[in-house]
Amino acid sequence: MHFLPEKIDDYIVEHSQQEPQLLQELNRETWQKVLNPRMLSGAFQGRVLAMISKLVHPKTILEIGTYTGYSAICLAEGLSKNGKIITLDKNEELETLQNKYFEKSGYRDQIVQKVGNALDIIPEINETFDLVFIDADKSNYVNYFHQIIDKMNSGGIILSDNVLWSGKIVEPLDAKDKDTKVLLEYNKLLNTDKRVETVLLPIRDGLTVSRVI
């Protein structure tokens, strides 16, 4: 979803760092072989994720929603020398494709994959995090926040994807639309919870950057 005029959006993409070759290959293979390829972070947002990770230079990253591994590789670009990223996904069928590109990326030893329900896995992780990326089922965004907030290091960053939800967050709410309802609650939570300070960026489908105080 693009909220800017097409010409402006094209100009922004043209004047930002270009997608690395490996990620171009993963992007292409995802569109060729995997259902719902629009779930992919994509070239421009991937560069945004990589830049934020490089600025934070995290020792520990948690990613909720691996999909085909594109965003995990982007986030891994900013890891400190002995850092690691723990990435969670419930779809075990994607592990082969993930591993293919994790091996090629050079970050294989720093990426820890866990398969299952994130709400069950997160409480069992005995780590604190410098950076968290939430990009999974929207109906659990609020639940994810409450599970991770006490595991965040001071000054840590929480990134939340799809928070504009194709513009549905400013349209009349369909009572049956649980995802939009939860995203409205989540966006309000991030803007009012005293433990974080937040800016919502109109990047693609909306990306929130929240800093833990």
# chains A, B, ... in the order shown; residues from 1 in each chain; ligands from 1
>>> closest_atom_pairs(of="range 121-201 of chain A", to="range 60-82 of chain A", cutoff="10 Å", atoms="only C-alpha atoms", output="JSON lines")
{"residue": "A:Ile122", "atom": "CA", "partner": "A:Leu62", "partner_atom": "CA", "distance": 9.2}
{"residue": "A:Ile125", "atom": "CA", "partner": "A:Leu62", "partner_atom": "CA", "distance": 9.9}
{"residue": "A:Glu127", "atom": "CA", "partner": "A:Thr60", "partner_atom": "CA", "distance": 7.8}
{"residue": "A:Thr128", "atom": "CA", "partner": "A:Thr60", "partner_atom": "CA", "distance": 7.1}
{"residue": "A:Phe129", "atom": "CA", "partner": "A:Thr60", "partner_atom": "CA", "distance": 5.0}
{"residue": "A:Asp130", "atom": "CA", "partner": "A:Thr60", "partner_atom": "CA", "distance": 5.6}
{"residue": "A:Leu131", "atom": "CA", "partner": "A:Ile61", "partner_atom": "CA", "distance": 4.8}
{"residue": "A:Val132", "atom": "CA", "partner": "A:Leu62", "partner_atom": "CA", "distance": 4.7}
{"residue": "A:Phe133", "atom": "CA", "partner": "A:Glu63", "partner_atom": "CA", "distance": 4.8}
{"residue": "A:Ile134", "atom": "CA", "partner": "A:Ile64", "partner_atom": "CA", "distance": 4.9}
{"residue": "A:Asp135", "atom": "CA", "partner": "A:Gly65", "partner_atom": "CA", "distance": 5.2}
{"residue": "A:Ala136", "atom": "CA", "partner": "A:Gly65", "partner_atom": "CA", "distance": 4.6}
{"residue": "A:Asp137", "atom": "CA", "partner": "A:Gly65", "partner_atom": "CA", "distance": 8.1}
{"residue": "A:Tyr141", "atom": "CA", "partner": "A:Ile64", "partner_atom": "CA", "distance": 9.9}
{"residue": "A:Tyr144", "atom": "CA", "partner": "A:Ile64", "partner_atom": "CA", "distance": 8.5}
{"residue": "A:Ile148", "atom": "CA", "partner": "A:Leu62", "partner_atom": "CA", "distance": 9.1}
{"residue": "A:Met152", "atom": "CA", "partner": "A:Thr60", "partner_atom": "CA", "distance": 9.8}
{"residue": "A:Asn153", "atom": "CA", "partner": "A:Thr60", "partner_atom": "CA", "distance": 9.7}
{"residue": "A:Gly156", "atom": "CA", "partner": "A:Ile61", "partner_atom": "CA", "distance": 9.8}
{"residue": "A:Ile157", "atom": "CA", "partner": "A:Ile61", "partner_atom": "CA", "distance": 9.6}
{"residue": "A:Ile158", "atom": "CA", "partner": "A:Leu62", "partner_atom": "CA", "distance": 9.4}
{"residue": "A:Leu159", "atom": "CA", "partner": "A:Glu63", "partner_atom": "CA", "distance": 9.4}
{"residue": "A:Ser160", "atom": "CA", "partner": "A:Ile64", "partner_atom": "CA", "distance": 9.7}
>>> residues_around(residues="Lys194 in chain A", least_positions_apart="5", cutoff="12 Å", atoms="only C-alpha atoms", output="ChimeraX atom specification")
/A:149,188-189,210-213
>>> residues_around(residues="range 7-10 of chain A", least_positions_apart="6", cutoff="12 Å", atoms="only C-alpha atoms", output="list of chain:residue names")
A:Met1, A:Ser16, A:Phe44, A:Pro202, A:Ile203, A:Arg204
>>> residues_around(residues="Thr208 in chain A", least_positions_apart="4", cutoff="7 Å", atoms="only C-alpha atoms", output="list of chain:residue names")
A:Leu159, A:Ser160, A:Asp161, A:Val163, A:Thr198, A:Val199, A:Leu200, A:Leu201
>>> write_last_selection(atoms="C-alpha atoms", output="CSV table (one decimal), in the first residue's frame")
chain,number,residue,atom,x,y,z
A,159,LEU,CA,9.1,-1.7,15.2
A,160,SER,CA,5.5,-2.5,14.3
A,161,ASP,CA,4.5,-3.2,10.7
A,163,VAL,CA,-0.2,-0.2,11.4
A,198,THR,CA,6.3,6.5,19.5
A,199,VAL,CA,6.3,7.9,16.0
A,200,LEU,CA,4.2,6.4,13.3
A,201,LEU,CA,5.8,6.6,9.8
>>> residues_around(residues="Thr180 in chain A", least_positions_apart="5", cutoff="10 Å", atoms="only C-alpha atoms", output="PyMOL selection string")
chain A and resi 138-139+163-171+173-175+185-186
>>> select_by_dssp(residues="chain A", states="strand (DSSP E)", output="number ranges by chain")
A: 60-64, 84-89, 111-115, 129-134, 152-161, 196-201, 207-212
>>> residues_around(residues="range 106-118 of chain A", least_positions_apart="3", cutoff="7 Å", atoms="only C-alpha atoms", output="list in words")
Ile64, Ala76, Gly83, Lys84, Ile85, Ile86, Thr87, Leu88, Asp89, Lys90, Asn91, Glu92, Phe102, Glu103, Ile121 and Ile122 of chain A
>>> write_last_selection(atoms="N, CA and C atoms", output="PDB file, in the first residue's frame")
ATOM      1  N   ILE A  64       8.951 -11.185  15.321  1.00  0.00           N
ATOM      2  CA  ILE A  64       7.715 -11.957  15.420  1.00  0.00           C
ATOM      3  C   ILE A  64       7.084 -11.987  14.034  1.00  0.00           C
ATOM      4  N   ALA A  76      19.387  -8.373  10.492  1.00  0.00           N
ATOM      5  CA  ALA A  76      20.676  -8.944  10.880  1.00  0.00           C
ATOM      6  C   ALA A  76      21.848  -8.087  10.417  1.00  0.00           C
ATOM      7  N   GLY A  83      26.148 -10.552  18.213  1.00  0.00           N
ATOM      8  CA  GLY A  83      24.712 -10.447  18.416  1.00  0.00           C
ATOM      9  C   GLY A  83      23.948 -11.568  17.743  1.00  0.00           C
ATOM     10  N   LYS A  84      22.647 -11.639  18.056  1.00  0.00           N
ATOM     11  CA  LYS A  84      21.808 -12.659  17.424  1.00  0.00           C
ATOM     12  C   LYS A  84      20.385 -12.151  17.252  1.00  0.00           C
ATOM     13  N   ILE A  85      19.691 -12.748  16.299  1.00  0.00           N
ATOM     14  CA  ILE A  85      18.283 -12.469  16.074  1.00  0.00           C
ATOM     15  C   ILE A  85      17.503 -13.762  16.269  1.00  0.00           C
ATOM     16  N   ILE A  86      16.481 -13.706  17.091  1.00  0.00           N
ATOM     17  CA  ILE A  86      15.571 -14.827  17.285  1.00  0.00           C
ATOM     18  C   ILE A  86      14.315 -14.516  16.487  1.00  0.00           C
ATOM     19  N   THR A  87      14.000 -15.356  15.531  1.00  0.00           N
ATOM     20  CA  THR A  87      12.857 -15.082  14.665  1.00  0.00           C
ATOM     21  C   THR A  87      11.818 -16.193  14.804  1.00  0.00           C
ATOM     22  N   LEU A  88      10.573 -15.804  14.958  1.00  0.00           N
ATOM     23  CA  LEU A  88       9.480 -16.723  15.258  1.00  0.00           C
ATOM     24  C   LEU A  88       8.470 -16.777  14.126  1.00  0.00           C
ATOM     25  N   ASP A  89       8.011 -17.983  13.815  1.00  0.00           N
ATOM     26  CA  ASP A  89       6.946 -18.144  12.827  1.00  0.00           C
ATOM     27  C   ASP A  89       6.227 -19.461  13.090  1.00  0.00           C
ATOM     28  N   LYS A  90       4.951 -19.483  12.788  1.00  0.00           N
ATOM     29  CA  LYS A  90       4.168 -20.701  13.029  1.00  0.00           C
ATOM     30  C   LYS A  90       4.169 -21.640  11.832  1.00  0.00           C
ATOM     31  N   ASN A  91       4.698 -21.186  10.685  1.00  0.00           N
ATOM     32  CA  ASN A  91       4.636 -21.976   9.457  1.00  0.00           C
ATOM     33  C   ASN A  91       5.943 -22.723   9.218  1.00  0.00           C
ATOM     34  N   GLU A  92       5.981 -23.988   9.597  1.00  0.00           N
ATOM     35  CA  GLU A  92       7.203 -24.779   9.446  1.00  0.00           C
ATOM     36  C   GLU A  92       7.522 -25.099   7.988  1.00  0.00           C
ATOM     37  N   PHE A 102      19.288 -17.788   4.551  1.00  0.00           N
ATOM     38  CA  PHE A 102      20.080 -17.512   5.749  1.00  0.00           C
ATOM     39  C   PHE A 102      21.514 -18.010   5.551  1.00  0.00           C
ATOM     40  N   GLU A 103      21.660 -19.174   4.910  1.00  0.00           N
ATOM     41  CA  GLU A 103      22.997 -19.706   4.636  1.00  0.00           C
ATOM     42  C   GLU A 103      23.776 -18.788   3.701  1.00  0.00           C
ATOM     43  N   ILE A 121       5.888 -19.079  22.791  1.00  0.00           N
ATOM     44  CA  ILE A 121       7.353 -19.101  22.754  1.00  0.00           C
ATOM     45  C   ILE A 121       7.970 -17.930  23.519  1.00  0.00           C
ATOM     46  N   ILE A 122       7.417 -16.741  23.356  1.00  0.00           N
ATOM     47  CA  ILE A 122       8.027 -15.533  23.942  1.00  0.00           C
ATOM     48  C   ILE A 122       8.256 -15.653  25.450  1.00  0.00           C
TER      49      ILE A 122
END
>>> select_by_dssp(residues="range 108-161 of chain A", states="alpha helix (DSSP H)", output="PyMOL selection string")
chain A and resi 118-121+141-148
>>> atom_distance(atom1="CA of Asp150 in chain A", atom2="CA of Glu95 in chain A")
29.0 Å
>>> residues_around(residues="Tyr101 in chain A", least_positions_apart="4", cutoff="8 Å", atoms="only C-alpha atoms", output="MDAnalysis selection string")
chainID A and resid 22 26 69 97 105
>>> write_last_selection(atoms="N, CA and C atoms", output="PDB file, in the first residue's frame")
ATOM      1  N   LEU A  22      21.227 -10.528  -3.118  1.00  0.00           N
ATOM      2  CA  LEU A  22      20.669 -11.703  -2.436  1.00  0.00           C
ATOM      3  C   LEU A  22      19.193 -11.504  -2.115  1.00  0.00           C
ATOM      4  N   LEU A  26      15.709 -13.489  -3.187  1.00  0.00           N
ATOM      5  CA  LEU A  26      14.709 -13.968  -2.240  1.00  0.00           C
ATOM      6  C   LEU A  26      13.344 -13.360  -2.538  1.00  0.00           C
ATOM      7  N   GLY A  69      11.965 -14.958   5.492  1.00  0.00           N
ATOM      8  CA  GLY A  69      13.262 -14.591   6.035  1.00  0.00           C
ATOM      9  C   GLY A  69      13.845 -13.286   5.535  1.00  0.00           C
ATOM     10  N   LEU A  97      13.062 -22.704   2.673  1.00  0.00           N
ATOM     11  CA  LEU A  97      13.369 -21.479   1.932  1.00  0.00           C
ATOM     12  C   LEU A  97      14.106 -20.481   2.809  1.00  0.00           C
ATOM     13  N   SER A 105      23.367 -15.612   3.311  1.00  0.00           N
ATOM     14  CA  SER A 105      23.454 -14.235   3.804  1.00  0.00           C
ATOM     15  C   SER A 105      24.729 -13.932   4.573  1.00  0.00           C
TER      16      SER A 105
END
>>> decode(residues="range 87-99 of chain A", atoms="N, CA and C atoms", output="PDB file, in the first residue's frame")
ATOM      1  N   THR A  87      14.000 -15.356  15.531  1.00  0.00           N
ATOM      2  CA  THR A  87      12.857 -15.082  14.665  1.00  0.00           C
ATOM      3  C   THR A  87      11.818 -16.193  14.804  1.00  0.00           C
ATOM      4  N   LEU A  88      10.573 -15.804  14.958  1.00  0.00           N
ATOM      5  CA  LEU A  88       9.480 -16.723  15.258  1.00  0.00           C
ATOM      6  C   LEU A  88       8.470 -16.777  14.126  1.00  0.00           C
ATOM      7  N   ASP A  89       8.011 -17.983  13.815  1.00  0.00           N
ATOM      8  CA  ASP A  89       6.946 -18.144  12.827  1.00  0.00           C
ATOM      9  C   ASP A  89       6.227 -19.461  13.090  1.00  0.00           C
ATOM     10  N   LYS A  90       4.951 -19.483  12.788  1.00  0.00           N
ATOM     11  CA  LYS A  90       4.168 -20.701  13.029  1.00  0.00           C
ATOM     12  C   LYS A  90       4.169 -21.640  11.832  1.00  0.00           C
ATOM     13  N   ASN A  91       4.698 -21.186  10.685  1.00  0.00           N
ATOM     14  CA  ASN A  91       4.636 -21.976   9.457  1.00  0.00           C
ATOM     15  C   ASN A  91       5.943 -22.723   9.218  1.00  0.00           C
ATOM     16  N   GLU A  92       5.981 -23.988   9.597  1.00  0.00           N
ATOM     17  CA  GLU A  92       7.203 -24.779   9.446  1.00  0.00           C
ATOM     18  C   GLU A  92       7.522 -25.099   7.988  1.00  0.00           C
ATOM     19  N   GLU A  93       6.539 -24.953   7.094  1.00  0.00           N
ATOM     20  CA  GLU A  93       6.759 -25.275   5.688  1.00  0.00           C
ATOM     21  C   GLU A  93       7.708 -24.287   5.008  1.00  0.00           C
ATOM     22  N   LEU A  94       7.933 -23.135   5.626  1.00  0.00           N
ATOM     23  CA  LEU A  94       8.806 -22.131   5.026  1.00  0.00           C
ATOM     24  C   LEU A  94      10.265 -22.252   5.473  1.00  0.00           C
ATOM     25  N   GLU A  95      10.557 -23.176   6.372  1.00  0.00           N
ATOM     26  CA  GLU A  95      11.907 -23.281   6.925  1.00  0.00           C
ATOM     27  C   GLU A  95      12.969 -23.563   5.863  1.00  0.00           C
ATOM     28  N   THR A  96      12.648 -24.405   4.892  1.00  0.00           N
ATOM     29  CA  THR A  96      13.632 -24.741   3.863  1.00  0.00           C
ATOM     30  C   THR A  96      14.047 -23.512   3.070  1.00  0.00           C
ATOM     31  N   LEU A  97      13.062 -22.704   2.673  1.00  0.00           N
ATOM     32  CA  LEU A  97      13.369 -21.479   1.932  1.00  0.00           C
ATOM     33  C   LEU A  97      14.106 -20.481   2.809  1.00  0.00           C
ATOM     34  N   GLN A  98      13.683 -20.340   4.042  1.00  0.00           N
ATOM     35  CA  GLN A  98      14.383 -19.448   4.974  1.00  0.00           C
ATOM     36  C   GLN A  98      15.847 -19.837   5.086  1.00  0.00           C
ATOM     37  N   ASN A  99      16.082 -21.122   5.336  1.00  0.00           N
ATOM     38  CA  ASN A  99      17.449 -21.591   5.556  1.00  0.00           C
ATOM     39  C   ASN A  99      18.336 -21.417   4.324  1.00  0.00           C
TER      40      ASN A  99
END
